[in-house]
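Printed here is final14.cif (mmCIF, C-alpha atoms):
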```cif
data_coords
loop_
_atom_site.label_atom_id
_atom_site.label_comp_id
_atom_site.auth_asym_id
_atom_site.auth_seq_id
_atom_site.Cartn_x
_atom_site.Cartn_y
_atom_site.Cartn_z
CA MET A 1 96.51 65.02 115.39
CA ALA A 2 94.12 64.87 118.34
CA ALA A 3 96.97 65.39 120.83
CA GLY A 4 97.99 68.63 119.06
CA SER A 5 94.46 70.02 119.12
CA ALA A 6 94.07 69.01 122.78
CA ASN A 7 97.29 70.86 123.63
CA ALA A 8 96.09 73.94 121.75
CA ALA A 9 92.72 73.83 123.49
CA SER A 10 94.30 73.43 126.92
CA MET A 11 96.67 76.31 126.18
CA LYS A 12 93.71 78.53 125.31
CA VAL A 13 92.00 77.60 128.57
CA ILE A 14 95.14 78.41 130.54
CA VAL A 15 95.63 81.77 128.80
CA PHE A 16 91.99 82.79 129.28
CA THR A 17 92.08 81.74 132.94
CA ILE A 18 95.21 83.81 133.60
CA ALA A 19 93.81 86.77 131.65
CA GLY A 20 90.51 86.55 133.54
CA GLY A 21 92.31 86.44 136.87
CA LEU A 22 94.41 89.47 135.96
CA MET A 23 91.31 91.37 134.88
CA LEU A 24 89.84 90.97 138.37
CA PHE A 25 92.78 92.86 139.82
CA THR A 26 92.88 95.51 137.08
CA LEU A 27 89.20 96.21 136.49
CA PRO A 28 89.54 100.02 136.22
CA THR A 29 92.19 99.53 133.51
CA VAL A 30 90.06 96.94 131.74
CA LEU A 31 87.10 99.32 131.90
CA LEU A 32 89.11 102.21 130.45
CA LEU A 33 90.66 100.03 127.74
CA GLY A 34 87.34 98.39 126.89
CA ILE A 35 85.54 101.70 126.44
CA GLY A 36 88.49 103.51 124.85
CA MET A 37 89.15 100.77 122.32
CA LEU A 38 85.58 100.65 120.97
CA PRO A 39 86.66 102.05 117.56
CA THR A 40 89.06 99.12 117.25
CA PHE A 41 86.27 96.64 117.97
CA ALA A 42 84.13 98.38 115.33
CA ALA A 43 86.99 98.19 112.82
CA MET A 44 87.42 94.50 113.63
CA ALA A 45 83.72 93.92 113.02
CA VAL A 46 83.76 95.52 109.56
CA ASP A 47 87.17 94.19 108.46
CA ARG A 48 86.47 91.20 106.21
CA ARG A 49 90.02 90.68 104.91
CA ARG A 50 92.07 87.81 106.21
CA GLU A 51 95.05 90.11 106.87
CA LYS A 52 92.97 92.51 109.04
CA TYR A 53 94.76 95.66 107.86
CA THR A 54 91.92 97.90 109.01
CA THR A 55 91.99 96.44 112.49
CA LEU A 56 95.76 96.79 112.61
CA CYS A 57 95.84 100.45 111.56
CA VAL A 58 92.90 101.57 113.66
CA GLY A 59 93.84 99.39 116.61
CA CYS A 60 97.43 100.58 116.86
CA MET A 61 96.52 104.24 116.60
CA ASN A 62 93.58 103.81 118.97
CA PHE A 63 95.83 102.13 121.53
CA VAL A 64 98.30 105.00 121.23
CA GLY A 65 95.41 107.36 121.99
CA VAL A 66 94.24 105.36 125.01
CA LEU A 67 97.69 104.64 126.48
CA PRO A 68 98.35 108.08 128.07
CA PHE A 69 95.09 107.84 129.97
CA VAL A 70 95.88 104.32 131.17
CA ALA A 71 99.22 105.64 132.43
CA GLN A 72 97.38 108.54 134.09
CA LEU A 73 95.00 106.06 135.73
CA TRP A 74 97.90 104.00 137.05
CA SER A 75 99.79 107.03 138.36
CA GLU A 76 96.78 108.60 140.07
CA GLY A 77 95.48 105.75 142.17
CA HIS A 78 94.03 103.09 139.84
CA SER A 79 90.48 103.42 141.13
CA TYR A 80 87.03 103.35 139.60
CA ASP A 81 86.53 107.00 140.50
CA ARG A 82 89.64 108.00 138.54
CA ALA A 83 88.63 105.77 135.58
CA PHE A 84 85.18 107.36 135.47
CA ALA A 85 86.71 110.83 135.75
CA ILE A 86 88.95 110.10 132.76
CA MET A 87 85.99 108.76 130.77
CA ALA A 88 84.01 111.92 131.61
CA ASP A 89 86.79 114.13 130.21
CA PRO A 90 85.98 115.32 126.66
CA PHE A 91 89.70 115.80 125.94
CA ALA A 92 90.26 112.11 126.67
CA TRP A 93 87.52 111.14 124.23
CA LEU A 94 88.88 113.54 121.62
CA THR A 95 92.34 112.02 121.99
CA MET A 96 91.18 108.39 121.89
CA LEU A 97 88.73 108.80 119.02
CA GLY A 98 90.99 111.22 117.15
CA ALA A 99 93.82 108.70 117.24
CA ALA A 100 91.45 106.03 115.92
CA GLY A 101 90.39 108.46 113.17
CA LEU A 102 94.04 108.90 112.22
CA GLY A 103 94.28 105.13 112.00
CA TRP A 104 91.38 105.14 109.53
CA CYS A 105 93.11 107.91 107.54
CA ILE A 106 96.32 105.89 107.40
CA TYR A 107 94.37 102.84 106.24
CA LEU A 108 92.59 104.79 103.50
CA ILE A 109 95.48 106.96 102.29
CA ALA A 110 98.51 104.65 102.57
CA PRO A 111 97.66 102.38 99.60
CA GLY A 112 97.43 105.39 97.27
CA ILE A 113 100.75 106.78 98.48
CA VAL A 114 102.44 103.40 98.08
CA SER A 115 101.03 102.93 94.58
CA MET A 116 102.23 106.41 93.58
CA GLY A 117 105.71 105.54 94.85
CA ILE A 118 105.74 102.27 92.94
CA ALA A 119 104.54 104.03 89.77
CA MET A 120 107.31 106.62 90.12
CA ARG A 121 109.92 103.87 90.49
CA ILE A 122 108.56 102.10 87.40
CA GLU A 123 108.68 105.34 85.37
CA GLN A 124 112.27 105.96 86.47
CA ARG A 125 113.24 102.45 85.46
CA ILE A 126 111.56 102.86 82.07
CA GLY A 127 113.48 106.11 81.56
CA ARG A 128 116.79 104.43 82.44
CA LEU A 129 116.05 101.53 80.10
CA ARG A 130 115.14 103.91 77.22
CA ARG A 131 118.36 105.88 77.75
CA ARG A 132 120.32 102.63 77.70
CA GLN A 133 118.48 101.57 74.53
CA ARG A 134 119.39 104.88 72.82
CA GLU A 135 123.04 104.36 73.81
CA LEU A 136 122.98 100.86 72.34
CA VAL A 137 121.34 102.08 69.13
CA GLU A 138 124.03 104.75 68.78
CA GLU A 139 126.75 102.14 69.35
CA TRP A 140 125.35 99.19 67.33
CA GLY A 141 122.83 100.71 64.95
CA PRO A 142 119.02 100.60 64.69
CA GLY A 143 118.89 96.82 64.17
CA VAL A 144 119.74 96.21 67.81
CA ALA A 145 116.44 97.83 68.82
CA GLY A 146 114.43 95.67 66.43
CA ALA A 147 113.90 98.49 63.93
CA LEU A 148 115.02 97.64 60.37
CA ASP A 149 114.86 100.02 57.45
CA ASP A 150 113.02 99.02 54.23
CA SER A 151 116.09 97.89 52.26
CA GLU A 152 117.14 95.45 54.97
CA ALA A 153 113.61 94.16 55.58
CA GLY A 154 113.16 92.56 52.11
CA ALA A 155 116.72 91.28 51.72
CA GLY A 156 116.81 88.88 54.63
CA ASN A 157 113.29 87.42 54.62
CA PRO A 158 112.99 84.21 52.50
CA ALA A 159 109.18 84.13 52.81
CA GLU A 160 108.87 87.52 51.18
CA ASP A 161 111.39 86.54 48.48
CA ALA A 162 109.28 83.43 47.66
CA ASN A 163 106.05 85.48 47.46
CA GLN A 164 107.68 88.04 45.17
CA GLY A 165 108.94 85.37 42.76
CA SER A 166 105.50 83.86 42.09
#
```

Could you spell out this file's structure in structure tokens?
Amino acid sequence: MAAGSANAASMKVIVFTIAGGLMLFTLPTVLLLGIGMLPTFAAMAVDRRREKYTTLCVGCMNFVGVLPFVAQLWSEGHSYDRAFAIMADPFAWLTMLGAAGLGWCIYLIAPGIVSMGIAMRIEQRIGRLRRRQRELVEEWGPGVAGALDDSEAGAGNPAEDANQGS
């Protein structure tokens, strides 16, 4: 048990060391991503569910909003000056924050749409089952549906026959 946790801890140290070393060489990108992904960090802070659906929706859309500007940074020199110029652009902020806002909309609206779809499928299935029940009643009579008329109800029930005789 201790060997497994030691391996996991050493793996974390290795990953963080490599990530830290890469960040030294890509600081303008890290700066742009760190600032641009702030809505994702806020969503992560308020997301209390174990599944982290809020973080997933907001984070993916936020990353899609930041990605064109990271590509622009890489294609135009990858410097601090270019990173600061991108962060000073209101269109960049509108794109990054707007994409994060769409992520919030997806998170808030998707459960309602899914539940409406499930309810529609259930209603269709109920309709098919009722049609099938009507077909069976036409073929076999009302007793197959559990509905008995009054003359049949008293004839086959020994408990009622015993109560009537006393």

Near Tyr80 of chain A, within 9 Å and counting all atoms listed in the file, which residues show up once chain neighbours fewer than 2 positions away are dropped, as a list in words? Leu27, Pro28, Thr29, Leu31, His78, Arg82, Ala83, Phe84 and Ala85 of chain A

Residues in the PyMOL selection byres ((chain A and resi 49-66) around 12), expressed as a PyMOL selection string: chain A and resi 29-48+67-73+83+86-87+91-111

Can those selected residues be exported to a file as a compact mmCIF listing (two decimals), in the coordinates of the input so that it contains C-alpha atoms?
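Contents of out20.txt, freshly written:
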```
# COMPACT_ATOMS: atom_id res chain seq x y z
CA THR A 29 92.19 99.53 133.51
CA VAL A 30 90.06 96.94 131.74
CA LEU A 31 87.10 99.32 131.90
CA LEU A 32 89.11 102.21 130.45
CA LEU A 33 90.66 100.03 127.74
CA GLY A 34 87.34 98.39 126.89
CA ILE A 35 85.54 101.70 126.44
CA GLY A 36 88.49 103.51 124.85
CA MET A 37 89.15 100.77 122.32
CA LEU A 38 85.58 100.65 120.97
CA PRO A 39 86.66 102.05 117.56
CA THR A 40 89.06 99.12 117.25
CA PHE A 41 86.27 96.64 117.97
CA ALA A 42 84.13 98.38 115.33
CA ALA A 43 86.99 98.19 112.82
CA MET A 44 87.42 94.50 113.63
CA ALA A 45 83.72 93.92 113.02
CA VAL A 46 83.76 95.52 109.56
CA ASP A 47 87.17 94.19 108.46
CA ARG A 48 86.47 91.20 106.21
CA LEU A 67 97.69 104.64 126.48
CA PRO A 68 98.35 108.08 128.07
CA PHE A 69 95.09 107.84 129.97
CA VAL A 70 95.88 104.32 131.17
CA ALA A 71 99.22 105.64 132.43
CA GLN A 72 97.38 108.54 134.09
CA LEU A 73 95.00 106.06 135.73
CA ALA A 83 88.63 105.77 135.58
CA ILE A 86 88.95 110.10 132.76
CA MET A 87 85.99 108.76 130.77
CA PHE A 91 89.70 115.80 125.94
CA ALA A 92 90.26 112.11 126.67
CA TRP A 93 87.52 111.14 124.23
CA LEU A 94 88.88 113.54 121.62
CA THR A 95 92.34 112.02 121.99
CA MET A 96 91.18 108.39 121.89
CA LEU A 97 88.73 108.80 119.02
CA GLY A 98 90.99 111.22 117.15
CA ALA A 99 93.82 108.70 117.24
CA ALA A 100 91.45 106.03 115.92
CA GLY A 101 90.39 108.46 113.17
CA LEU A 102 94.04 108.90 112.22
CA GLY A 103 94.28 105.13 112.00
CA TRP A 104 91.38 105.14 109.53
CA CYS A 105 93.11 107.91 107.54
CA ILE A 106 96.32 105.89 107.40
CA TYR A 107 94.37 102.84 106.24
CA LEU A 108 92.59 104.79 103.50
CA ILE A 109 95.48 106.96 102.29
CA ALA A 110 98.51 104.65 102.57
CA PRO A 111 97.66 102.38 99.60
```

Around (119.3, 100.1, 69.5) in the file's own coordinates, what residues are found within 10 Å if you use only C-alpha atoms, given back as a short mmCIF file (atom, residue, chain, number, x, y, z; two decimals) with C-alpha atoms, in the frame of the given file?
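Below you can see out-v7.cif, which holds the result:
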```cif
data_model
loop_
_atom_site.label_atom_id
_atom_site.label_comp_id
_atom_site.auth_asym_id
_atom_site.auth_seq_id
_atom_site.Cartn_x
_atom_site.Cartn_y
_atom_site.Cartn_z
CA ARG A 130 115.14 103.91 77.22
CA ARG A 132 120.32 102.63 77.70
CA GLN A 133 118.48 101.57 74.53
CA ARG A 134 119.39 104.88 72.82
CA GLU A 135 123.04 104.36 73.81
CA LEU A 136 122.98 100.86 72.34
CA VAL A 137 121.34 102.08 69.13
CA GLU A 138 124.03 104.75 68.78
CA GLU A 139 126.75 102.14 69.35
CA TRP A 140 125.35 99.19 67.33
CA GLY A 141 122.83 100.71 64.95
CA PRO A 142 119.02 100.60 64.69
CA GLY A 143 118.89 96.82 64.17
CA VAL A 144 119.74 96.21 67.81
CA ALA A 145 116.44 97.83 68.82
CA GLY A 146 114.43 95.67 66.43
CA ALA A 147 113.90 98.49 63.93
#
```

Any chance you could work out the axis-aligned box around segment 135-139 of chain A, listed atoms only, 5 Å on each side, giving centre and edge lengths in Å to one decimal, as JSON?
```
{"center_x": 124.0, "center_y": 102.8, "center_z": 71.3, "size_x": 15.4, "size_y": 13.9, "size_z": 15.0}
```

Segment 110-124 of chain A rebuilt with N, CA and C atoms, output as an mmCIF file, in the frame of the given file:
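Contents of selection_33.cif, freshly written:
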```
data_model
loop_
_atom_site.group_PDB
_atom_site.id
_atom_site.type_symbol
_atom_site.label_atom_id
_atom_site.label_comp_id
_atom_site.auth_asym_id
_atom_site.auth_seq_id
_atom_site.Cartn_x
_atom_site.Cartn_y
_atom_site.Cartn_z
ATOM 1 N N ALA A 110 97.229 105.337 102.789
ATOM 2 C CA ALA A 110 98.510 104.650 102.570
ATOM 3 C C ALA A 110 98.575 103.863 101.260
ATOM 4 N N PRO A 111 97.542 103.114 100.863
ATOM 5 C CA PRO A 111 97.660 102.380 99.600
ATOM 6 C C PRO A 111 97.877 103.297 98.392
ATOM 7 N N GLY A 112 97.234 104.453 98.372
ATOM 8 C CA GLY A 112 97.430 105.390 97.270
ATOM 9 C C GLY A 112 98.840 105.943 97.234
ATOM 10 N N ILE A 113 99.387 106.260 98.408
ATOM 11 C CA ILE A 113 100.750 106.780 98.480
ATOM 12 C C ILE A 113 101.748 105.712 98.030
ATOM 13 N N VAL A 114 101.544 104.491 98.474
ATOM 14 C CA VAL A 114 102.440 103.400 98.080
ATOM 15 C C VAL A 114 102.360 103.155 96.581
ATOM 16 N N SER A 115 101.161 103.165 96.022
ATOM 17 C CA SER A 115 101.030 102.930 94.580
ATOM 18 C C SER A 115 101.663 104.059 93.777
ATOM 19 N N MET A 116 101.566 105.304 94.268
ATOM 20 C CA MET A 116 102.230 106.410 93.580
ATOM 21 C C MET A 116 103.744 106.222 93.610
ATOM 22 N N GLY A 117 104.277 105.791 94.745
ATOM 23 C CA GLY A 117 105.710 105.540 94.850
ATOM 24 C C GLY A 117 106.170 104.444 93.920
ATOM 25 N N ILE A 118 105.394 103.377 93.839
ATOM 26 C CA ILE A 118 105.740 102.270 92.940
ATOM 27 C C ILE A 118 105.679 102.735 91.487
ATOM 28 N N ALA A 119 104.658 103.525 91.135
ATOM 29 C CA ALA A 119 104.540 104.030 89.770
ATOM 30 C C ALA A 119 105.719 104.935 89.414
ATOM 31 N N MET A 120 106.155 105.753 90.369
ATOM 32 C CA MET A 120 107.310 106.620 90.120
ATOM 33 C C MET A 120 108.571 105.782 89.882
ATOM 34 N N ARG A 121 108.753 104.734 90.673
ATOM 35 C CA ARG A 121 109.920 103.870 90.490
ATOM 36 C C ARG A 121 109.883 103.180 89.131
ATOM 37 N N ILE A 122 108.699 102.759 88.707
ATOM 38 C CA ILE A 122 108.560 102.100 87.400
ATOM 39 C C ILE A 122 108.896 103.087 86.287
ATOM 40 N N GLU A 123 108.396 104.316 86.387
ATOM 41 C CA GLU A 123 108.680 105.340 85.370
ATOM 42 C C GLU A 123 110.173 105.648 85.304
ATOM 43 N N GLN A 124 110.834 105.728 86.460
ATOM 44 C CA GLN A 124 112.270 105.960 86.470
ATOM 45 C C GLN A 124 113.014 104.812 85.803
#
```
